[in-house]
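Heads up, structure-v4.cif below (mmCIF, C-alpha atoms and all ligand atoms):
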```cif
data_my_file
#
loop_
_atom_site.label_atom_id
_atom_site.label_comp_id
_atom_site.auth_asym_id
_atom_site.auth_seq_id
_atom_site.Cartn_x
_atom_site.Cartn_y
_atom_site.Cartn_z
CA MET A 9 25.28 94.32 -35.77
CA GLU A 10 24.51 90.76 -37.03
CA PRO A 11 27.63 88.71 -37.86
CA THR A 12 28.02 88.02 -41.60
CA THR A 13 27.78 84.49 -43.01
CA SER A 14 31.48 84.37 -43.69
CA GLN A 15 32.19 85.51 -40.13
CA ASN A 16 29.96 82.69 -38.87
CA ASP A 17 31.80 80.20 -41.09
CA ASP A 18 35.15 81.43 -39.84
CA ASP A 19 34.02 81.12 -36.23
CA GLN A 20 32.67 77.63 -36.85
CA LEU A 21 35.90 76.57 -38.55
CA ALA A 22 37.99 77.93 -35.69
CA ASN A 23 35.74 76.13 -33.17
CA SER A 24 36.00 72.86 -35.09
CA LYS A 25 39.79 73.18 -35.29
CA ARG A 26 39.97 73.69 -31.52
CA THR A 27 37.69 70.66 -30.95
CA LEU A 28 39.81 68.54 -33.28
CA SER A 29 43.03 69.50 -31.64
CA ARG A 30 41.51 68.59 -28.23
CA ILE A 31 40.30 65.22 -29.60
CA ASN A 32 43.71 64.43 -31.15
CA GLY A 33 45.37 65.24 -27.82
CA LEU A 34 42.95 62.93 -26.00
CA VAL A 35 43.52 60.09 -28.49
CA ASN A 36 47.29 60.49 -28.07
CA GLU A 37 46.85 59.94 -24.31
CA MET A 38 44.62 56.85 -24.70
CA THR A 39 45.85 53.28 -24.18
CA MET A 40 45.37 50.82 -27.06
CA GLN A 41 42.55 49.13 -25.15
CA GLN A 42 40.77 52.47 -24.76
CA ILE A 43 41.20 53.16 -28.49
CA ILE A 44 39.77 49.74 -29.36
CA ASP A 45 36.84 50.23 -26.96
CA LYS A 46 36.08 53.63 -28.50
CA LEU A 47 36.24 52.24 -32.06
CA LYS A 48 33.84 49.45 -31.05
CA GLN A 49 31.52 52.01 -29.49
CA LEU A 50 31.58 53.93 -32.79
CA ASP A 51 30.86 50.67 -34.65
CA VAL A 52 34.10 51.00 -36.62
CA SER A 53 36.51 48.19 -37.57
CA THR A 54 39.16 47.29 -34.97
CA ASN A 55 41.26 45.39 -37.54
CA GLY A 56 44.73 46.81 -37.95
CA GLU A 57 48.05 47.53 -36.29
CA ASP A 58 48.20 49.93 -33.32
CA ASN A 59 49.21 53.03 -35.33
CA VAL A 60 46.44 52.31 -37.84
CA LEU A 61 43.80 52.09 -35.09
CA LYS A 62 45.02 55.33 -33.53
CA GLN A 63 44.84 57.27 -36.83
CA ARG A 64 41.50 55.60 -37.64
CA LEU A 65 39.99 56.94 -34.42
CA LYS A 66 41.33 60.43 -35.15
CA GLY A 67 40.09 60.26 -38.75
CA VAL A 68 36.61 59.02 -37.85
CA MET A 69 36.28 61.66 -35.10
CA ARG A 70 37.47 64.37 -37.52
CA GLU A 71 34.77 63.42 -40.02
CA LYS A 72 32.15 63.52 -37.23
CA VAL A 73 33.23 66.98 -36.09
CA TYR A 74 33.15 68.34 -39.64
CA LYS A 75 29.77 66.71 -40.32
CA ASN A 76 28.25 68.21 -37.15
CA SER A 77 29.56 71.67 -37.96
CA ASN A 78 28.39 71.52 -41.60
CA ILE A 79 31.90 72.41 -42.71
CA LYS A 80 33.28 70.58 -45.71
CA SER A 81 36.39 68.74 -44.47
CA SER A 82 38.07 69.01 -47.85
CA LYS A 83 37.77 71.17 -50.91
CA PHE A 84 38.47 68.09 -53.02
CA SER A 85 35.67 65.76 -54.01
CA THR A 86 35.22 63.21 -56.76
CA ASP A 87 32.44 60.86 -57.85
CA TYR A 88 34.70 57.89 -58.61
CA TYR A 89 38.17 56.45 -58.08
CA CYS A 90 39.57 54.38 -60.95
CA VAL A 91 42.10 51.84 -59.62
CA ILE A 92 44.63 50.77 -62.26
CA ASP A 93 47.47 48.26 -61.95
CA PHE A 94 49.46 47.56 -65.11
CA GLU A 95 51.66 44.50 -65.61
CA ALA A 96 54.47 44.88 -68.11
CA THR A 97 57.15 42.90 -69.91
CA CYS A 98 60.28 42.57 -67.77
CA GLU A 99 63.55 40.76 -67.17
CA GLU A 100 64.92 39.61 -63.84
CA VAL A 101 67.15 42.68 -63.89
CA ASN A 102 65.65 45.49 -65.97
CA PRO A 103 68.36 47.73 -67.51
CA ARG A 104 67.69 51.41 -66.71
CA LYS A 105 66.43 52.09 -70.24
CA TYR A 106 64.43 48.86 -70.58
CA LYS A 107 61.35 49.56 -72.70
CA HIS A 108 58.54 47.93 -70.72
CA GLU A 109 55.38 47.18 -72.67
CA ILE A 110 52.04 46.89 -70.91
CA ILE A 111 50.70 43.32 -71.06
CA GLU A 112 47.78 43.52 -68.59
CA PHE A 113 45.38 46.45 -68.25
CA PRO A 114 42.93 46.11 -65.35
CA ALA A 115 40.83 48.96 -63.97
CA LEU A 116 38.14 49.05 -61.28
CA MET A 117 35.67 51.92 -61.00
CA VAL A 118 34.99 52.53 -57.30
CA ASN A 119 32.06 54.75 -56.30
CA ALA A 120 33.59 57.33 -53.92
CA ARG A 121 30.38 57.55 -51.84
CA THR A 122 29.17 53.94 -51.60
CA LEU A 123 32.67 52.39 -52.03
CA ALA A 124 31.16 49.76 -54.34
CA VAL A 125 33.11 48.57 -57.39
CA GLU A 126 30.61 49.52 -60.06
CA SER A 127 32.47 48.38 -63.14
CA GLN A 128 35.55 46.42 -64.16
CA PHE A 129 37.77 46.74 -67.24
CA HIS A 130 40.25 43.92 -67.82
CA PHE A 131 42.22 43.07 -70.94
CA TYR A 132 45.61 41.62 -71.76
CA CYS A 133 47.77 43.38 -74.37
CA ARG A 134 50.10 41.90 -76.97
CA PRO A 135 53.59 43.41 -76.75
CA VAL A 136 55.14 44.46 -80.05
CA MET A 137 58.83 45.19 -79.36
CA ASN A 138 59.34 42.13 -77.13
CA PRO A 139 56.60 39.74 -78.29
CA LYS A 140 58.15 36.80 -76.45
CA LEU A 141 57.70 36.96 -72.68
CA SER A 142 60.73 36.10 -70.55
CA SER A 143 60.20 33.09 -68.33
CA PHE A 144 60.91 35.46 -65.43
CA CYS A 145 57.98 37.67 -66.47
CA THR A 146 55.60 34.73 -66.81
CA LYS A 147 56.64 33.43 -63.41
CA LEU A 148 56.25 36.89 -61.82
CA THR A 149 52.90 37.87 -63.34
CA GLY A 150 51.34 34.47 -64.07
CA ILE A 151 50.66 35.67 -67.64
CA ASP A 152 51.56 33.07 -70.27
CA GLN A 153 52.59 33.44 -73.90
CA LYS A 154 49.30 32.06 -75.25
CA THR A 155 47.27 34.70 -73.40
CA ILE A 156 49.16 37.62 -74.87
CA ASP A 157 49.55 36.09 -78.34
CA SER A 158 45.78 36.17 -78.73
CA ALA A 159 45.35 39.63 -77.17
CA ASP A 160 44.95 42.98 -78.94
CA ALA A 161 47.87 45.42 -79.04
CA PHE A 162 47.90 48.12 -76.32
CA LYS A 163 46.71 50.80 -78.76
CA VAL A 164 43.42 48.95 -79.31
CA VAL A 165 42.94 48.11 -75.62
CA PHE A 166 43.63 51.74 -74.74
CA GLN A 167 40.92 52.94 -77.13
CA ASN A 168 38.49 50.47 -75.54
CA PHE A 169 39.49 51.78 -72.13
CA GLN A 170 38.73 55.37 -73.11
CA LYS A 171 35.35 54.23 -74.42
CA TRP A 172 34.70 52.30 -71.16
CA LEU A 173 35.50 55.47 -69.18
CA GLU A 174 32.95 57.45 -71.19
CA ASP A 175 30.28 54.74 -70.89
CA VAL A 176 30.72 54.22 -67.16
CA LEU A 177 31.24 57.83 -66.13
CA GLY A 178 29.02 60.00 -68.28
CA GLU A 179 29.46 63.43 -66.67
CA SER A 180 30.86 62.04 -63.39
CA THR A 181 34.33 62.97 -62.17
CA PHE A 182 37.09 60.49 -61.34
CA VAL A 183 40.67 60.20 -60.15
CA VAL A 184 43.07 57.43 -61.08
CA VAL A 185 44.58 55.52 -58.15
CA THR A 186 47.73 53.39 -58.42
CA ASP A 187 50.04 51.58 -56.02
CA GLY A 188 53.16 53.76 -56.40
CA PRO A 189 54.28 56.05 -59.23
CA PHE A 190 55.51 53.55 -61.85
CA ASP A 191 52.18 52.62 -63.47
CA ILE A 192 51.99 56.19 -64.79
CA THR A 193 55.57 57.50 -64.79
CA ARG A 194 57.12 54.38 -66.29
CA PHE A 195 54.70 51.89 -67.87
CA LEU A 196 52.09 54.25 -69.32
CA THR A 197 54.67 56.89 -70.27
CA ILE A 198 56.86 54.42 -72.17
CA GLN A 199 53.87 52.74 -73.83
CA CYS A 200 52.35 56.04 -75.01
CA LYS A 201 55.71 57.10 -76.44
CA VAL A 202 56.14 53.79 -78.27
CA ASP A 203 52.61 53.90 -79.67
CA LYS A 204 52.78 57.66 -80.38
CA ILE A 205 49.64 58.25 -78.27
CA PRO A 206 49.41 61.52 -76.32
CA MET A 207 49.43 60.91 -72.56
CA PRO A 208 45.77 60.88 -71.47
CA TYR A 209 44.48 63.79 -69.36
CA TRP A 210 43.67 61.46 -66.43
CA ALA A 211 47.35 60.61 -66.03
CA SER A 212 48.53 64.17 -65.44
CA ASN A 213 47.34 64.32 -61.82
CA TRP A 214 46.60 61.10 -59.95
CA THR A 215 46.72 59.40 -56.54
CA ASN A 216 49.70 57.34 -55.50
CA LEU A 217 48.12 55.27 -52.74
CA LYS A 218 51.45 54.42 -51.08
CA ARG A 219 52.00 58.13 -50.46
CA THR A 220 48.44 58.62 -49.16
CA PHE A 221 48.76 55.58 -46.89
CA LYS A 222 52.14 56.59 -45.44
CA ALA A 223 50.94 60.12 -44.67
CA PHE A 224 47.53 59.18 -43.26
CA TYR A 225 48.69 56.42 -40.90
CA LYS A 226 51.87 58.37 -40.11
CA LEU A 227 54.30 55.56 -41.02
CA SER A 228 57.84 56.38 -40.00
CA GLY A 229 60.99 56.02 -42.12
CA GLN A 230 61.82 56.91 -45.70
CA ARG A 231 60.51 53.77 -47.33
CA PHE A 232 57.06 53.62 -48.91
CA PRO A 233 54.96 50.56 -47.96
CA THR A 234 54.52 47.65 -50.38
CA LEU A 235 51.08 46.31 -51.25
CA GLN A 236 51.57 43.54 -48.70
CA ASP A 237 52.78 46.01 -46.05
CA MET A 238 49.57 48.02 -46.47
CA LEU A 239 47.30 44.97 -46.34
CA GLY A 240 49.27 43.69 -43.35
CA ALA A 241 48.96 46.97 -41.44
CA LEU A 242 45.19 46.97 -42.02
CA LYS A 243 44.98 43.21 -41.29
CA ILE A 244 43.15 42.71 -44.58
CA PRO A 245 43.84 39.30 -46.19
CA HIS A 246 45.67 39.31 -49.51
CA ASP A 247 43.36 37.87 -52.17
CA GLY A 248 44.49 36.18 -55.36
CA ARG A 249 47.96 36.20 -56.86
CA LEU A 250 50.57 38.89 -56.21
CA HIS A 251 51.62 40.57 -59.54
CA SER A 252 48.44 39.52 -61.32
CA GLY A 253 47.21 42.97 -62.44
CA ILE A 254 43.52 42.30 -61.76
CA ASP A 255 44.18 40.73 -58.34
CA ASP A 256 46.56 43.58 -57.43
CA ALA A 257 43.89 46.10 -58.48
CA LYS A 258 41.28 44.38 -56.28
CA ASN A 259 43.65 44.42 -53.30
CA ILE A 260 44.51 48.11 -53.93
CA ALA A 261 40.77 48.91 -54.06
CA LYS A 262 40.28 47.27 -50.65
CA ILE A 263 43.04 49.47 -49.19
CA LEU A 264 41.54 52.58 -50.84
CA CYS A 265 38.09 51.83 -49.36
CA GLN A 266 39.51 51.27 -45.86
CA LEU A 267 41.40 54.58 -46.06
CA ILE A 268 38.17 56.37 -46.96
CA ARG A 269 36.22 54.61 -44.18
CA ASP A 270 38.97 55.68 -41.77
CA GLY A 271 38.33 59.33 -42.61
CA CYS A 272 41.19 59.83 -45.08
CA GLN A 273 40.55 62.43 -47.78
CA VAL A 274 41.95 60.55 -50.77
CA LYS A 275 42.97 63.16 -53.31
CA PRO A 276 45.46 63.42 -56.18
CA ASN A 277 49.01 63.67 -54.86
CA GLU A 278 51.18 63.13 -57.95
CA ILE A 279 51.72 65.38 -60.96
CA LEU A 280 53.24 63.82 -64.06
CA ALA A 281 55.14 67.00 -64.90
CA ASN A 282 57.18 66.50 -61.71
CA TYR A 283 58.66 63.33 -63.17
CA SER A 284 59.66 64.48 -66.61
P1 LIG B 1 53.43 44.97 -59.86
O1 LIG B 1 52.30 45.94 -60.08
O2 LIG B 1 54.14 45.13 -58.58
O3 LIG B 1 52.87 43.61 -60.04
O4 LIG B 1 54.50 45.21 -60.98
C1 LIG B 1 54.24 45.77 -62.23
C2 LIG B 1 55.32 45.39 -63.18
O5 LIG B 1 56.58 45.79 -62.65
C3 LIG B 1 55.48 43.91 -63.45
O6 LIG B 1 54.57 43.45 -64.43
C4 LIG B 1 56.91 43.86 -63.94
O7 LIG B 1 57.03 44.34 -65.28
C5 LIG B 1 57.61 44.89 -63.05
N1 LIG B 1 58.16 44.23 -61.85
C6 LIG B 1 57.56 44.11 -60.65
N2 LIG B 1 58.34 43.45 -59.78
C7 LIG B 1 59.45 43.12 -60.45
C8 LIG B 1 60.65 42.41 -60.10
N3 LIG B 1 60.85 41.93 -58.89
N4 LIG B 1 61.59 42.28 -61.05
C9 LIG B 1 61.42 42.79 -62.30
N5 LIG B 1 60.31 43.45 -62.68
C10 LIG B 1 59.34 43.62 -61.79
MG MG B 2 50.62 44.49 -60.27
#
```
Can the structure in the file be given as structure tokens, please?
Ligand code: AMP
Ligand code: MG
Amino acid sequence: MEPTTSQNDDDQLANSKRTLSRINGLVNEMTMQQIIDKLKQLDVSTNGEDNVLKQRLKGVMREKVYKNSNIKSSKFSTDYYCVIDFEATCEEVNPRKYKHEIIEFPALMVNARTLAVESQFHFYCRPVMNPKLSSFCTKLTGIDQKTIDSADAFKVVFQNFQKWLEDVLGESTFVVVTDGPFDITRFLTIQCKVDKIPMPYWASNWTNLKRTFKAFYKLSGQRFPTLQDMLGALKIPHDGRLHSGIDDAKNIAKILCQLIRDGCQVKPNEILANYS
């Protein structure tokens, strides 16, 4: 009797899993020089700390095995990643109930296949509850009073953002990517409450890149990496000014693209409901 298609698929999957486990075992036994030589042979970047290079080799090999066997390596797929990094009003020490207001709203639309940044959204927002920026906030973010005084309120910028999403995406799918949970769980949540805007659908399930990064490169310890830790581990130079929303977003996008090139399946890993 001929094997059924699903039997064939199951056999192929089992074979691929065995191959992968053998490859991972081999990579674990390799010296760093052997790993670097293999990455060079595969024409893959050798920039990065030792643990990064090791996981990169495993990730790239995993993608090759899946590609050769015609098996989809992940059920998740998206057309775009939308990298967002809000800056918000703040004090040197923010009381637990401090009502942050978003003052910078940058977003980069990254094509998940080509990894090109296809469109950029970038506006400052005028805070309403705390219209005067603390000198600490200006020093931290580089945003001055004049810039926000002449900006639209968040509500207006948010509407423009939703319009930008529609214009850029059409029918395409996307996932929001942030550096940590706070952009969504703190800044956007507070701002939407203040402005009486329902939380947008795209914020209910998103990617916290720190979590993705820690899991993929198998970083030890409890602590999640900072933006600079991630760039440092990948040996990617930090561009621009730390805590400038648009510069942070560009640096986050570079990390996202390297993760994807390294064979990481970047998928949503945070659910807003878990935080409320
Ligand atoms: P980031 O994306 O790390 O630039 O931070 C986003 C926002 O978090 C900033 O605009 C501030 O509102 C707040 N924030 C970040 N770092 C600090 C800090 N060291 N002290 C107080 N607030 C901060
Ligand atoms: Mg930032």
Checklist entry - Can you tell me, as JSON, numbers by chain, which residues sit within 7 Å of (52.4, 50.1, -40.2) in the file's frame, using all atoms listed in the file? => result {"A": [57, 59, 60, 227, 241]}
Checklist entry - Suppose you want the space between CA of Phe166 (chain A) and CA of Gln266 (chain A); what is it in Å? => result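 We find that CA of Phe166 (chain A) and CA of Gln266 (chain A) lie 29.2 Å from each other.
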Using 9 Å as the limit and counting all atoms listed in the file, can you tabulate each residue of chain A that touches ligand MG 2 (chain B), with its shortest atom-to-atom distance in Å and the two atoms involved, as a tab-separated table?
```
residue	atom	partner	partner_atom	distance
A:Ile92	CA	B:MG2	MG	8.9
A:Asp93	CA	B:MG2	MG	5.2
A:Phe94	CA	B:MG2	MG	5.8
A:Glu95	CA	B:MG2	MG	5.4
A:Ala96	CA	B:MG2	MG	8.7
A:Glu112	CA	B:MG2	MG	8.8
A:Thr149	CA	B:MG2	MG	7.6
A:Asp187	CA	B:MG2	MG	8.3
A:Asp191	CA	B:MG2	MG	8.9
A:Leu250	CA	B:MG2	MG	6.9
A:His251	CA	B:MG2	MG	4.1
A:Ser252	CA	B:MG2	MG	5.5
A:Gly253	CA	B:MG2	MG	4.3
A:Ile254	CA	B:MG2	MG	7.6
A:Asp255	CA	B:MG2	MG	7.7
A:Asp256	CA	B:MG2	MG	5.0
A:Ala257	CA	B:MG2	MG	7.1
```
Next on the checklist: Excluding Cys272 (chain A) and its own-chain neighbours fewer than 6 positions away, which residues fall within 9 Å of it when counting only C-alpha atoms? Please give them as a list in words.
Outcome noted: Arg64, Gly67, Val68, Glu71, Thr220, Phe221, Phe224 and Gln266 of chain A
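Using all atoms listed in the file, the smallest distance between any of A:Thr54, A:Phe162, A:Leu21, A:Gln41 and Ile244 (chain A) comes from A:Thr54.
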Next on the checklist: So that I can see what lies close to region 122-138 of chain A, please list as a PyMOL selection string the residues with an atom at most 9 Å from it, counting all atoms listed in the file and leaving out residues fewer than 5 positions away in the same chain.
Outcome noted: chain A and resi 88+96-97+107-117+151+155-165+169+172+176+253-254+261+264-265+268-269
Checklist entry - Which residues come within 8 Å of Ser77 (chain A), counting only C-alpha atoms, excluding same-chain residues fewer than 2 positions away, as a PyMOL selection string? => result chain A and resi 20+24+73-75+79
I'd like the neighbourhood of Leu61 (chain A) as a PDB file with C-alpha atoms, keeping the file's coordinate frame, where a residue qualifies if any of its atoms comes within 10 Å (using all atoms listed in the file), though same-chain residues fewer than 2 positions away should be ignored.
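The file below, around_10.pdb, is the result:
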```
ATOM      1  CA  MET A  40      45.370  50.820 -27.060  1.00  0.00           C
ATOM      2  CA  ILE A  43      41.200  53.160 -28.490  1.00  0.00           C
ATOM      3  CA  ILE A  44      39.770  49.740 -29.360  1.00  0.00           C
ATOM      4  CA  LEU A  47      36.240  52.240 -32.060  1.00  0.00           C
ATOM      5  CA  VAL A  52      34.100  51.000 -36.620  1.00  0.00           C
ATOM      6  CA  SER A  53      36.510  48.190 -37.570  1.00  0.00           C
ATOM      7  CA  THR A  54      39.160  47.290 -34.970  1.00  0.00           C
ATOM      8  CA  ASN A  55      41.260  45.390 -37.540  1.00  0.00           C
ATOM      9  CA  GLY A  56      44.730  46.810 -37.950  1.00  0.00           C
ATOM     10  CA  GLU A  57      48.050  47.530 -36.290  1.00  0.00           C
ATOM     11  CA  ASP A  58      48.200  49.930 -33.320  1.00  0.00           C
ATOM     12  CA  ASN A  59      49.210  53.030 -35.330  1.00  0.00           C
ATOM     13  CA  GLN A  63      44.840  57.270 -36.830  1.00  0.00           C
ATOM     14  CA  ARG A  64      41.500  55.600 -37.640  1.00  0.00           C
ATOM     15  CA  LEU A  65      39.990  56.940 -34.420  1.00  0.00           C
ATOM     16  CA  LYS A  66      41.330  60.430 -35.150  1.00  0.00           C
ATOM     17  CA  GLY A  67      40.090  60.260 -38.750  1.00  0.00           C
ATOM     18  CA  TYR A 225      48.690  56.420 -40.900  1.00  0.00           C
ATOM     19  CA  ALA A 241      48.960  46.970 -41.440  1.00  0.00           C
ATOM     20  CA  LEU A 242      45.190  46.970 -42.020  1.00  0.00           C
ATOM     21  CA  ASP A 270      38.970  55.680 -41.770  1.00  0.00           C
TER      22      ASP A 270
END
```
Item to check | Who sits within 7 Å of Thr193 (chain A), all atoms listed in the file, same chain under 4 positions skipped, as a list of chain:residue names | outcome: A:Pro189, A:Thr197, A:Leu280, A:Tyr283
Please give the centre and size of the box around region 14-33 of chain A (axis-aligned, containing every atom listed in the file, 8 Å added per side), with values in Å to one decimal and written as AutoDock Vina command-line options.
```
--center_x 37.7 --center_y 75.0 --center_z -35.8 --size_x 31.4 --size_y 37.1 --size_z 31.9
```
